[in-house]
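Novice: The following file, my_file.txt, comprises compact mmCIF, C-alpha atoms:
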```
# COMPACT_ATOMS: atom_id res chain seq x y z
CA MET D 1 -46.81 -47.00 -26.48
CA ALA D 2 -48.36 -46.04 -23.15
CA ASP D 3 -48.25 -48.71 -20.46
CA ALA D 4 -51.43 -50.41 -19.25
CA ALA D 5 -51.79 -48.33 -16.07
CA SER D 6 -51.37 -45.10 -18.00
CA SER D 7 -53.98 -46.18 -20.59
CA ALA D 8 -56.50 -47.10 -17.90
CA ARG D 9 -55.95 -43.80 -16.10
CA ASN D 10 -56.37 -41.88 -19.31
CA ALA D 11 -59.46 -43.85 -20.36
CA GLY D 12 -61.20 -42.79 -17.14
CA LEU D 13 -60.12 -39.20 -17.70
CA GLY D 14 -61.51 -39.26 -21.25
CA GLU D 15 -64.93 -40.15 -19.92
CA LEU D 16 -64.71 -37.39 -17.31
CA LEU D 17 -63.81 -34.90 -20.04
CA ALA D 18 -66.77 -36.05 -22.14
CA ARG D 19 -69.12 -35.62 -19.18
CA THR D 20 -67.57 -32.24 -18.41
CA ALA D 21 -68.42 -31.23 -21.98
CA LEU D 22 -72.04 -31.97 -21.00
CA ALA D 23 -71.61 -29.52 -18.10
CA ASP D 24 -71.67 -32.35 -15.55
CA GLN D 25 -70.30 -30.65 -12.45
CA ARG D 26 -69.56 -33.87 -10.59
CA ALA D 27 -67.47 -35.16 -13.48
CA PHE D 28 -65.62 -31.84 -13.54
CA ALA D 29 -64.94 -32.08 -9.79
CA GLU D 30 -63.57 -35.59 -10.24
CA LEU D 31 -61.49 -34.52 -13.22
CA TYR D 32 -60.03 -31.71 -11.11
CA ARG D 33 -59.36 -34.03 -8.18
CA ARG D 34 -57.51 -36.49 -10.35
CA THR D 35 -55.52 -34.14 -12.57
CA SER D 36 -54.85 -30.93 -10.60
CA PRO D 37 -51.91 -32.28 -8.48
CA HIS D 38 -50.13 -33.24 -11.69
CA LEU D 39 -50.87 -29.95 -13.42
CA TYR D 40 -49.98 -27.91 -10.32
CA ALA D 41 -46.60 -29.64 -10.23
CA VAL D 42 -46.06 -28.80 -13.91
CA ALA D 43 -46.99 -25.14 -13.33
CA LEU D 44 -44.96 -24.67 -10.12
CA ARG D 45 -41.80 -25.94 -11.79
CA ILE D 46 -42.10 -23.42 -14.58
CA VAL D 47 -43.48 -20.26 -12.95
CA ARG D 48 -41.92 -20.92 -9.49
CA GLU D 49 -44.43 -18.76 -7.67
CA ARG D 50 -47.34 -20.25 -5.84
CA PRO D 51 -49.88 -17.44 -6.48
CA LEU D 52 -49.09 -17.40 -10.19
CA ALA D 53 -49.25 -21.20 -10.46
CA GLU D 54 -52.64 -21.13 -8.69
CA GLU D 55 -53.89 -18.42 -11.02
CA ILE D 56 -52.80 -20.39 -14.09
CA LEU D 57 -54.48 -23.52 -12.75
CA GLN D 58 -57.71 -21.57 -12.29
CA GLU D 59 -57.61 -20.19 -15.81
CA ALA D 60 -56.76 -23.58 -17.25
CA TYR D 61 -59.70 -25.36 -15.59
CA VAL D 62 -62.12 -22.57 -16.45
CA SER D 63 -61.01 -23.07 -20.05
CA VAL D 64 -61.34 -26.87 -19.72
CA TRP D 65 -64.94 -26.45 -18.52
CA HIS D 66 -65.79 -24.39 -21.59
CA HIS D 67 -63.77 -26.34 -24.15
CA ALA D 68 -63.88 -29.96 -22.95
CA GLY D 69 -65.98 -30.69 -26.04
CA THR D 70 -63.07 -29.82 -28.31
CA TYR D 71 -60.84 -32.49 -26.82
CA ALA D 72 -60.21 -35.04 -29.59
CA ALA D 73 -59.39 -38.46 -28.18
CA ALA D 74 -57.89 -39.47 -31.52
CA LYS D 75 -55.14 -36.88 -31.26
CA SER D 76 -53.88 -36.98 -27.67
CA GLN D 77 -54.33 -38.61 -24.28
CA PRO D 78 -56.46 -36.57 -21.84
CA LEU D 79 -53.58 -35.86 -19.44
CA THR D 80 -51.36 -34.85 -22.35
CA TRP D 81 -54.01 -32.45 -23.59
CA LEU D 82 -54.43 -30.91 -20.13
CA THR D 83 -50.67 -30.67 -19.58
CA ALA D 84 -50.24 -28.87 -22.91
CA ILE D 85 -52.90 -26.31 -21.90
CA VAL D 86 -51.19 -25.58 -18.58
CA ARG D 87 -47.62 -25.51 -19.94
CA ASN D 88 -48.65 -23.16 -22.71
CA ARG D 89 -50.16 -20.70 -20.20
CA CYS D 90 -47.13 -20.96 -17.91
CA LEU D 91 -44.73 -20.30 -20.78
CA ASP D 92 -46.74 -17.27 -21.90
CA GLN D 93 -46.36 -15.88 -18.38
CA VAL D 94 -42.64 -16.50 -17.91
CA ARG D 95 -41.64 -15.40 -21.40
CA ARG D 96 -43.61 -12.18 -21.04
CA ARG D 97 -42.05 -11.68 -17.61
CA ASP D 98 -38.55 -12.12 -19.11
CA VAL D 99 -39.12 -8.93 -21.10
CA ASP D 100 -39.86 -6.97 -17.93
CA THR D 101 -36.85 -8.16 -15.96
CA VAL D 102 -33.16 -7.62 -16.52
CA THR D 103 -31.87 -10.79 -14.93
CA LEU D 104 -31.75 -13.71 -17.28
CA ASP D 105 -30.67 -16.43 -14.89
CA ARG D 106 -33.69 -17.47 -12.89
CA ASP D 107 -31.62 -19.99 -10.95
CA ASP D 108 -31.02 -17.33 -8.31
CA ASP D 109 -34.75 -17.09 -7.83
CA ASP D 110 -35.38 -18.18 -4.25
CA ALA D 111 -39.16 -18.25 -4.67
CA GLN D 112 -38.71 -21.94 -5.35
CA GLY D 113 -40.03 -23.73 -2.26
CA PRO D 114 -38.47 -26.90 -0.89
CA GLU D 115 -41.45 -29.07 -1.72
CA PHE D 116 -41.08 -28.57 -5.42
CA ALA D 117 -37.32 -28.33 -5.59
CA GLY D 118 -35.56 -30.47 -3.05
CA THR D 119 -37.21 -33.85 -3.27
CA ASP D 120 -37.88 -34.03 -6.98
CA PRO D 121 -35.46 -35.74 -9.31
CA THR D 122 -33.29 -33.54 -11.50
CA PRO D 123 -34.68 -32.51 -14.90
CA GLU D 124 -32.56 -35.15 -16.58
CA GLN D 125 -33.80 -37.93 -14.30
CA LEU D 126 -37.33 -36.68 -14.91
CA ILE D 127 -37.06 -36.77 -18.65
CA VAL D 128 -36.28 -40.47 -18.51
CA ALA D 129 -38.95 -41.26 -15.90
CA GLY D 130 -41.56 -39.26 -17.79
CA ALA D 131 -40.57 -40.50 -21.19
CA ASP D 132 -41.16 -44.04 -20.08
CA ALA D 133 -44.92 -43.47 -20.00
CA GLN D 134 -44.95 -42.30 -23.60
CA GLY D 135 -42.51 -44.81 -24.93
CA VAL D 136 -40.02 -42.14 -25.99
CA ARG D 137 -37.34 -43.12 -23.52
CA ALA D 138 -35.21 -44.57 -26.29
CA CYS D 139 -35.55 -41.38 -28.32
CA VAL D 140 -34.60 -39.10 -25.47
CA GLU D 141 -31.72 -41.31 -24.43
CA SER D 142 -30.38 -41.35 -27.94
CA LEU D 143 -29.74 -37.59 -27.75
CA PRO D 144 -26.27 -36.32 -26.87
CA GLY D 145 -25.87 -35.40 -23.18
CA THR D 146 -25.78 -31.63 -23.57
CA THR D 147 -28.81 -31.61 -25.86
CA ARG D 148 -30.72 -33.85 -23.51
CA GLN D 149 -29.85 -31.55 -20.63
CA ALA D 150 -30.95 -28.45 -22.55
CA ILE D 151 -34.29 -30.02 -23.52
CA ALA D 152 -34.89 -31.17 -19.95
CA LEU D 153 -34.13 -27.74 -18.50
CA ALA D 154 -36.39 -26.06 -21.03
CA PHE D 155 -39.23 -28.53 -20.57
CA TYR D 156 -39.31 -28.82 -16.79
CA GLN D 157 -37.97 -25.43 -15.67
CA GLY D 158 -39.28 -23.36 -18.54
CA LEU D 159 -35.90 -21.83 -19.37
CA SER D 160 -35.65 -19.69 -22.51
CA HIS D 161 -32.87 -19.81 -25.08
CA ALA D 162 -31.07 -16.97 -23.29
CA GLU D 163 -31.51 -18.55 -19.85
CA LEU D 164 -30.25 -21.89 -21.13
CA ALA D 165 -27.17 -20.21 -22.56
CA ALA D 166 -26.48 -18.52 -19.22
CA HIS D 167 -27.12 -21.72 -17.29
CA LEU D 168 -24.94 -23.90 -19.50
CA HIS D 169 -22.21 -21.24 -19.93
CA GLU D 170 -22.38 -21.57 -23.70
CA PRO D 171 -22.98 -18.96 -26.44
CA LEU D 172 -26.62 -18.40 -27.33
CA GLY D 173 -26.13 -19.59 -30.91
CA THR D 174 -24.55 -22.84 -29.77
CA VAL D 175 -27.40 -23.62 -27.40
CA LYS D 176 -29.99 -22.79 -30.06
CA SER D 177 -28.43 -25.15 -32.58
CA TRP D 178 -28.10 -27.95 -29.99
CA LEU D 179 -31.77 -27.60 -29.24
CA ARG D 180 -32.79 -27.55 -32.89
CA ARG D 181 -30.75 -30.60 -33.75
CA GLY D 182 -32.09 -32.32 -30.64
CA LEU D 183 -35.71 -31.56 -31.49
CA GLU D 184 -35.24 -32.74 -35.07
CA ARG D 185 -33.68 -35.98 -33.90
CA LEU D 186 -36.41 -36.44 -31.31
CA LYS D 187 -39.09 -36.03 -33.97
CA ALA D 188 -37.39 -38.40 -36.40
CA CYS D 189 -37.07 -40.99 -33.63
CA LEU D 190 -40.73 -40.61 -32.56
CA ASP D 191 -41.83 -40.91 -36.17
CA ARG D 192 -39.84 -44.12 -36.52
CA LEU D 193 -41.57 -45.50 -33.43
CA GLY D 194 -44.93 -44.46 -34.86
CA ILE D 195 -45.55 -41.96 -32.04
CA SER D 196 -46.57 -38.88 -33.93
CA ALA D 197 -48.20 -36.87 -31.18
CA MET V 198 -43.70 -30.42 -52.80
CA ASN V 199 -40.70 -28.49 -54.14
CA LEU V 200 -37.51 -27.85 -52.22
CA ALA V 201 -38.54 -24.39 -51.10
CA ASP V 202 -41.76 -25.80 -49.63
CA ALA V 203 -39.87 -28.57 -47.90
CA GLY V 204 -37.45 -26.04 -46.43
CA ARG V 205 -40.26 -23.80 -45.27
CA ARG V 206 -42.07 -26.75 -43.71
CA ARG V 207 -38.94 -27.78 -41.86
CA ARG V 208 -38.40 -24.26 -40.53
CA LEU V 209 -42.02 -24.02 -39.44
CA ASP V 210 -41.75 -27.33 -37.64
CA LEU V 211 -38.65 -26.19 -35.77
CA LEU V 212 -40.27 -22.91 -34.74
CA ALA V 213 -43.34 -24.83 -33.62
CA ALA V 214 -41.12 -27.15 -31.59
CA GLU V 215 -39.39 -24.20 -29.92
CA HIS V 216 -42.76 -22.59 -29.20
CA ALA V 217 -44.03 -25.80 -27.60
CA LEU V 218 -40.81 -26.39 -25.66
CA GLY V 219 -41.04 -22.78 -24.52
CA THR V 220 -37.58 -21.51 -25.40
CA LEU V 221 -38.60 -18.78 -27.85
CA PRO V 222 -38.23 -15.26 -26.46
CA TRP V 223 -41.49 -13.42 -25.80
CA ARG V 224 -41.60 -11.37 -28.98
CA ALA V 225 -41.04 -14.38 -31.26
CA ARG V 226 -43.41 -16.49 -29.17
CA ALA V 227 -46.20 -13.89 -29.31
CA ARG V 228 -45.70 -13.44 -33.06
CA LEU V 229 -45.96 -17.16 -33.73
CA THR V 230 -49.01 -17.45 -31.45
CA ALA V 231 -50.66 -14.71 -33.51
CA VAL V 232 -49.84 -16.46 -36.78
CA ALA V 233 -51.21 -19.74 -35.39
CA ALA V 234 -54.49 -18.01 -34.58
CA ARG V 235 -55.13 -17.43 -38.30
CA GLU V 236 -53.15 -20.29 -39.89
CA PRO V 237 -54.46 -23.74 -38.95
CA VAL V 238 -51.30 -25.39 -40.33
CA VAL V 239 -49.18 -23.44 -37.86
CA ALA V 240 -51.57 -24.10 -34.98
CA ALA V 241 -51.52 -27.83 -35.77
CA ALA V 242 -47.71 -27.90 -35.91
CA ILE V 243 -47.51 -26.29 -32.45
CA GLU V 244 -50.18 -28.57 -31.01
CA ASP V 245 -48.45 -31.67 -32.32
CA TRP V 246 -45.27 -30.62 -30.57
CA GLN V 247 -47.09 -29.71 -27.34
CA TRP V 248 -48.55 -33.21 -27.28
CA ARG V 249 -45.29 -34.89 -28.22
CA LEU V 250 -43.52 -33.17 -25.34
CA ALA V 251 -46.30 -33.16 -22.74
CA GLY V 252 -45.83 -36.85 -22.01
CA LEU V 253 -42.46 -36.00 -20.48
CA ALA V 254 -44.30 -34.39 -17.57
CA GLU V 255 -45.63 -37.73 -16.36
CA GLY V 256 -42.51 -38.25 -14.25
CA LEU V 257 -43.24 -35.25 -12.01
CA THR V 258 -44.21 -35.80 -8.38
CA PRO V 259 -47.80 -34.53 -8.05
CA ILE V 260 -48.42 -31.63 -5.64
CA ALA V 261 -51.98 -31.04 -4.42
CA PRO V 262 -53.00 -27.40 -4.96
CA PRO V 263 -54.64 -25.55 -2.04
CA ASP V 264 -58.43 -25.98 -1.74
CA ARG V 265 -58.98 -22.31 -2.51
CA VAL V 266 -58.02 -22.97 -6.14
CA TYR V 267 -61.02 -25.18 -6.84
CA ALA V 268 -63.32 -22.83 -4.94
CA ALA V 269 -62.05 -19.97 -7.10
CA ILE V 270 -62.63 -21.99 -10.29
CA LEU V 271 -66.24 -22.71 -9.32
CA ALA V 272 -66.76 -19.06 -8.43
CA ARG V 273 -65.38 -17.95 -11.80
CA LEU V 274 -67.68 -20.39 -13.57
CA GLY V 275 -70.68 -19.27 -11.54
CA LEU V 276 -71.23 -22.84 -10.34
CA VAL V 277 -72.57 -23.80 -6.93
CA THR V 278 -69.93 -24.31 -4.28
CA ALA V 279 -72.31 -25.93 -1.77
CA PRO V 280 -71.75 -29.65 -1.10
CA GLU V 281 -72.99 -31.47 -4.16
CA ARG V 282 -76.40 -33.02 -3.91
CA ARG V 283 -76.88 -36.46 -5.30
CA GLY V 284 -77.72 -36.06 -8.95
CA ALA V 285 -76.82 -32.41 -8.93
CA GLY V 286 -75.36 -32.75 -12.42
CA LEU V 287 -76.48 -30.89 -15.46
CA TRP V 288 -79.52 -32.98 -16.17
CA ASN V 289 -81.19 -32.16 -12.89
CA ARG V 290 -80.53 -28.46 -12.86
CA LEU V 291 -83.73 -26.69 -13.77
CA GLY V 292 -81.93 -23.41 -14.36
CA PHE V 293 -79.73 -24.95 -17.00
CA TRP V 294 -82.67 -26.36 -18.88
CA ARG V 295 -84.59 -23.15 -18.61
CA ALA V 296 -81.62 -21.30 -20.09
CA ALA V 297 -81.12 -23.97 -22.73
CA ALA V 298 -84.79 -23.90 -23.66
CA ILE V 299 -84.74 -20.13 -23.97
CA ALA V 300 -81.61 -20.33 -26.12
CA SER V 301 -83.19 -23.00 -28.29
CA PHE V 302 -86.34 -20.98 -28.66
CA ALA V 303 -84.41 -17.83 -29.52
CA ALA V 304 -82.45 -19.75 -32.15
CA LEU V 305 -85.71 -21.10 -33.46
CA LEU V 306 -87.16 -17.63 -33.88
CA VAL V 307 -84.11 -16.65 -35.89
CA LEU V 308 -84.18 -19.78 -38.00
CA GLY V 309 -87.88 -20.44 -37.99
CA VAL V 310 -88.70 -19.05 -41.37
CA SER V 311 -86.11 -21.00 -43.31
CA ILE V 312 -86.78 -24.25 -41.46
CA TRP V 313 -90.50 -24.21 -41.82
CA THR V 314 -90.62 -23.02 -45.38
CA ALA V 315 -88.12 -25.67 -46.42
CA ALA V 316 -89.94 -28.54 -44.76
CA PRO V 317 -93.40 -27.74 -43.52
CA PRO V 318 -94.11 -30.14 -40.63
CA ALA V 319 -97.39 -31.23 -39.13
CA PRO V 320 -98.60 -28.57 -36.67
CA GLY V 321 -96.68 -28.82 -33.43
CA GLY V 322 -93.44 -30.63 -32.87
CA TYR V 323 -90.05 -30.50 -31.22
CA VAL V 324 -86.95 -28.44 -31.84
CA VAL V 325 -83.47 -28.91 -30.43
CA THR V 326 -80.45 -26.70 -31.04
CA LEU V 327 -77.17 -28.47 -30.41
CA ALA V 328 -74.22 -26.50 -29.07
CA ALA V 329 -71.18 -26.76 -26.83
CA PRO V 330 -71.69 -25.13 -23.41
CA GLY V 331 -71.67 -21.38 -23.81
CA ALA V 332 -71.12 -21.54 -27.57
CA SER V 333 -73.30 -20.87 -30.60
CA PRO V 334 -75.44 -23.72 -31.94
CA VAL V 335 -73.98 -25.90 -34.69
CA PHE V 336 -77.02 -28.05 -35.57
CA VAL V 337 -80.75 -27.73 -35.23
CA ALA V 338 -82.92 -30.87 -35.11
CA SER V 339 -86.67 -30.82 -35.57
CA ALA V 340 -89.51 -33.33 -35.73
CA GLY V 341 -93.22 -32.83 -36.16
CA ARG V 342 -95.50 -34.16 -33.43
CA GLY V 343 -96.31 -37.80 -34.12
CA GLU V 344 -93.83 -37.99 -36.99
CA ARG V 345 -91.11 -40.61 -37.32
CA THR V 346 -88.71 -38.30 -39.07
CA LEU V 347 -86.10 -36.14 -37.37
CA ARG V 348 -84.46 -33.52 -39.57
CA VAL V 349 -81.01 -32.29 -38.62
CA ARG V 350 -79.62 -29.21 -40.31
CA PRO V 351 -76.19 -27.61 -39.86
CA LEU V 352 -76.09 -24.03 -38.59
CA ALA V 353 -72.35 -23.49 -38.57
CA PRO V 354 -69.40 -25.16 -40.29
CA VAL V 355 -67.79 -27.89 -38.18
CA THR V 356 -64.63 -29.86 -38.78
CA VAL V 357 -64.74 -33.59 -38.22
CA PRO V 358 -61.33 -35.28 -37.80
CA PRO V 359 -60.58 -37.62 -40.72
CA GLY V 360 -61.87 -41.15 -40.17
CA ARG V 361 -64.45 -40.06 -37.57
CA ALA V 362 -68.22 -39.65 -37.71
CA LEU V 363 -70.85 -37.66 -35.83
CA GLU V 364 -73.61 -39.65 -34.13
CA LEU V 365 -76.82 -38.24 -32.71
CA TRP V 366 -78.30 -39.56 -29.44
CA ALA V 367 -81.51 -39.06 -27.53
CA LEU V 368 -81.00 -38.77 -23.78
CA PRO V 369 -84.08 -40.32 -22.15
CA ALA V 370 -85.31 -39.21 -18.71
CA SER V 371 -83.74 -42.35 -17.30
CA GLY V 372 -81.54 -45.02 -18.77
CA ASN V 373 -78.88 -45.02 -21.45
CA PRO V 374 -78.65 -42.76 -24.51
CA ILE V 375 -80.53 -44.02 -27.57
CA ALA V 376 -78.69 -43.96 -30.91
CA LEU V 377 -80.61 -42.01 -33.55
CA GLY V 378 -78.16 -42.15 -36.44
CA LEU V 379 -75.20 -40.49 -38.11
CA VAL V 380 -75.16 -36.80 -38.97
CA ASP V 381 -73.16 -35.35 -41.84
CA ALA V 382 -71.26 -32.17 -40.92
CA GLU V 383 -72.28 -30.45 -44.16
CA ALA V 384 -75.59 -32.03 -45.10
CA GLY V 385 -77.05 -32.77 -41.67
CA ALA V 386 -79.40 -35.76 -41.77
CA VAL V 387 -82.96 -36.94 -42.17
CA LEU V 388 -83.29 -39.72 -39.61
CA THR V 389 -86.08 -42.25 -39.28
CA LEU V 390 -87.12 -42.78 -35.67
CA ALA V 391 -88.03 -46.19 -34.27
CA THR V 392 -90.98 -44.69 -32.44
CA PRO V 393 -93.10 -41.58 -33.11
CA SER V 394 -91.37 -38.37 -32.02
CA ASP V 395 -93.61 -37.88 -28.97
CA ALA V 396 -92.70 -41.22 -27.43
CA LEU V 397 -89.02 -40.52 -27.88
CA LEU V 398 -88.74 -36.81 -27.27
CA ALA V 399 -91.60 -35.62 -25.07
CA GLY V 400 -90.04 -36.74 -21.79
CA ALA V 401 -86.37 -36.81 -22.85
CA LYS V 402 -83.68 -34.61 -21.35
CA GLY V 403 -82.20 -33.65 -24.66
CA LEU V 404 -80.16 -34.69 -27.66
CA ALA V 405 -76.40 -35.03 -27.93
CA VAL V 406 -73.84 -35.52 -30.69
CA SER V 407 -70.73 -37.59 -30.06
CA LEU V 408 -67.61 -38.25 -32.10
CA GLU V 409 -67.46 -41.89 -33.18
CA PRO V 410 -65.64 -44.27 -35.51
CA PRO V 411 -66.93 -44.33 -39.11
CA GLY V 412 -70.31 -46.04 -39.23
CA GLY V 413 -71.09 -45.01 -35.66
CA SER V 414 -70.44 -46.33 -32.18
CA PRO V 415 -69.61 -50.06 -32.24
CA THR V 416 -71.10 -50.55 -28.76
CA GLY V 417 -74.50 -48.90 -29.12
CA GLN V 418 -73.46 -46.29 -26.56
CA PRO V 419 -71.38 -43.13 -27.07
CA THR V 420 -67.69 -44.05 -27.14
CA GLY V 421 -66.12 -40.72 -28.13
CA PRO V 422 -66.37 -37.28 -26.58
CA ILE V 423 -69.79 -35.61 -26.49
CA LEU V 424 -69.42 -32.54 -28.66
CA TRP V 425 -72.77 -30.78 -28.52
CA THR V 426 -75.96 -31.08 -26.55
CA GLY V 427 -79.33 -29.39 -26.55
CA ALA V 428 -82.60 -29.39 -24.66
CA ILE V 429 -85.85 -30.38 -26.37
CA VAL V 430 -88.26 -27.53 -26.92
CA PRO V 431 -91.88 -28.50 -27.71
CA ILE V 432 -93.48 -26.02 -30.08
```
Can you turn what I pasted into structure tokens?

Specialist:
Amino acid sequence: MADAASSARNAGLGELLARTALADQRAFAELYRRTSPHLYAVALRIVRERPLAEEILQEAYVSVWHHAGTYAAAKSQPLTWLTAIVRNRCLDQVRRRDVDTVTLDRDDDDAQGPEFAGTDPTPEQLIVAGADAQGVRACVESLPGTTRQAIALAFYQGLSHAELAAHLHEPLGTVKSWLRRGLERLKACLDRLGISA
Amino acid sequence: MNLADAGRRRRLDLLAAEHALGTLPWRARARLTAVAAREPVVAAAIEDWQWRLAGLAEGLTPIAPPDRVYAAILARLGLVTAPERRGAGLWNRLGFWRAAAIASFAALLVLGVSIWTAAPPAPGGYVVTLAAPGASPVFVASAGRGERTLRVRPLAPVTVPPGRALELWALPASGNPIALGLVDAEAGAVLTLATPSDALLAGAKGLAVSLEPPGGSPTGQPTGPILWTGAIVPI
């Protein structure tokens, strides 16, 4: 269950999306003003390069302008919908980039600037802070520590199976099965709470 | 559902979860994306997981992107970057309406024969094609001049989420949208207007369809997202 502040914020965003679908440029500007800092933070964490994060943000909002009418309020909150669009584009980029590079461990990547690395909480702290808004804190916390860590690293840093294995110093197969069990348990828990999507 | 189906469903759901979480290697990710493009079940499974997980991002500290990003978005969309004038929204942009009217008229030429042979109206009237911005029209609405009947016919298949309805609105030159009635995705609608078509449509900015609870908006104003809009073309 989303808290009251989160519902109010999302209600306003829903109206802005509806007006954007009508090609209302002022609504689009306001939507951008209110959501882009969040989406930029999501993108920077995953792609870790400013120009690429900016490019993804541009593509995402161009797509939002054209497809705002397809947003279905019944299925997801506006910010959730927007976040999914941006994460999906980021992941396409980094996974494709993996193929072109030999190094698997992106932790050595020093493109990560201080303003999106140093001050932020760790992925595990984030998963709890973020989960609170969606009411899935209990579900995430019920996962075993290593699984929780793997899901957090994948979600916030965009690590692949292979990168997770390197990062956690575990065999690939082990990490994969942790993740799968974790995702299954997460889903079962969300279903029990009545949070389907 | 037999055991094989259940097993397949479980495997699909796991793959969808890994796609949404982002851990699948590129080849597997690209393959699943391609399957999702032609299999709605797969696309829905991935979307559900994207939405389930996306809420986790709410804990991130926001970072304002540089101003050049928004400028680049407007440039890509071909929108004005000048400081916004008051009321510079869609409804006041002549260019938009000109384009919309031309599009409506073009659609009318294509559809004209079937519309007019099916329901010959009084000479003269109004036609509106309803579409999402930049997309093909999904409904055409027409009313004869002076008539109190507005006919809405589907032009393309649309999917309405279960438990939701489509409601048609007139957007007057000033003031709030006026509810015209519910539209069936497959059958369209024949709606009775409270006033003759000229009074309602002659000066209006257009028509719009919104997604509403069954039976229509409980408030008398659109409550769901506006799906399609169209300018009114007098003929």

Novice: From the list D:Leu17, D:Leu190, D:Val62, D:Ala166, which residue is nearest D:Gln77 when using only C-alpha atoms?

Specialist: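 For D:Gln77, the nearest of the candidates is D:Leu17.
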
Novice: Write out as a list in words which residues come within 12 Å of D:Glu184 when counting all atoms listed in the file, dropping same-chain ones fewer than 2 positions away.

Specialist: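 Contacts, in chain order: Cys139, Val140, Leu143, Thr147, Ile151, Ser177, Trp178, Leu179, Arg180, Arg181, Gly182, Leu186, Lys187, Ala188, Cys189, Leu190 and Asp191 of chain D; Arg207, Arg208, Leu209, Asp210, Leu211, Leu212, Ala213, Ala214, Glu215 and Trp246 of chain V.
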
Novice: Excluding stretch 10-16 of chain D and residues on its chain fewer than 4 positions from it, collect all residues at most 8 Å away from it, counting all atoms listed in the file, and give them as a ChimeraX atom specification.

Specialist: /D:6,20,27-28,30-31,73,77-79 /V:422

Novice: Those same residues, written as a PDB file, in the coordinates of the input with C-alpha atoms?

Specialist:
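So result.pdb came out as:
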```
ATOM      1  CA  SER D   6     -51.370 -45.100 -18.000  1.00  0.00           C
ATOM      2  CA  THR D  20     -67.570 -32.240 -18.410  1.00  0.00           C
ATOM      3  CA  ALA D  27     -67.470 -35.160 -13.480  1.00  0.00           C
ATOM      4  CA  PHE D  28     -65.620 -31.840 -13.540  1.00  0.00           C
ATOM      5  CA  GLU D  30     -63.570 -35.590 -10.240  1.00  0.00           C
ATOM      6  CA  LEU D  31     -61.490 -34.520 -13.220  1.00  0.00           C
ATOM      7  CA  ALA D  73     -59.390 -38.460 -28.180  1.00  0.00           C
ATOM      8  CA  GLN D  77     -54.330 -38.610 -24.280  1.00  0.00           C
ATOM      9  CA  PRO D  78     -56.460 -36.570 -21.840  1.00  0.00           C
ATOM     10  CA  LEU D  79     -53.580 -35.860 -19.440  1.00  0.00           C
TER      11      LEU D  79
ATOM     12  CA  PRO V 422     -66.370 -37.280 -26.580  1.00  0.00           C
TER      13      PRO V 422
END
```

Novice: Any idea which chain V residues end up within 6 Å of chain D if we count all atoms listed in the file, as an NGL selection string please?

Specialist: :V and (218-220 or 223 or 245 or 247-249 or 251-256 or 259-261 or 270 or 286-287 or 422-424)

Novice: What gap, in Å, lies between atom CA of D:Pro144 and atom CA of D:Val175?

Specialist: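 Between atom CA of D:Pro144 and atom CA of D:Val175 the gap works out to 12.8 Å.
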
Novice: So how many Å separate atom CA of V:Thr346 and atom CA of V:Leu377, to one decimal?

Specialist: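 So the two atoms, atom CA of V:Thr346 and atom CA of V:Leu377, lie 10.5 Å apart.
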
Novice: Just add N, CA, C and O atoms to stretch 49-56 of chain D and send it as a short mmCIF file (atom, residue, chain, number, x, y, z; two decimals), keeping the file's coordinate frame.

Specialist:
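Once written, result_26.cif looks like this:
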```
data_model
loop_
_atom_site.label_atom_id
_atom_site.label_comp_id
_atom_site.auth_asym_id
_atom_site.auth_seq_id
_atom_site.Cartn_x
_atom_site.Cartn_y
_atom_site.Cartn_z
N GLU D 49 -43.77 -19.63 -8.65
CA GLU D 49 -44.43 -18.76 -7.67
C GLU D 49 -45.80 -19.36 -7.45
O GLU D 49 -46.57 -19.52 -8.39
N ARG D 50 -46.07 -19.63 -6.17
CA ARG D 50 -47.34 -20.25 -5.84
C ARG D 50 -48.56 -19.47 -6.35
O ARG D 50 -49.40 -20.05 -7.01
N PRO D 51 -48.66 -18.15 -6.05
CA PRO D 51 -49.88 -17.44 -6.48
C PRO D 51 -50.07 -17.50 -7.99
O PRO D 51 -51.19 -17.66 -8.47
N LEU D 52 -48.98 -17.38 -8.73
CA LEU D 52 -49.09 -17.40 -10.19
C LEU D 52 -49.48 -18.80 -10.68
O LEU D 52 -50.32 -18.95 -11.57
N ALA D 53 -48.90 -19.83 -10.07
CA ALA D 53 -49.25 -21.20 -10.46
C ALA D 53 -50.73 -21.47 -10.17
O ALA D 53 -51.43 -22.11 -10.97
N GLU D 54 -51.22 -20.94 -9.04
CA GLU D 54 -52.64 -21.13 -8.69
C GLU D 54 -53.53 -20.41 -9.70
O GLU D 54 -54.55 -20.93 -10.14
N GLU D 55 -53.11 -19.21 -10.07
CA GLU D 55 -53.89 -18.42 -11.02
C GLU D 55 -53.96 -19.14 -12.38
O GLU D 55 -55.01 -19.21 -13.01
N ILE D 56 -52.83 -19.69 -12.80
CA ILE D 56 -52.80 -20.39 -14.09
C ILE D 56 -53.67 -21.64 -14.04
O ILE D 56 -54.40 -21.96 -14.99
#
```
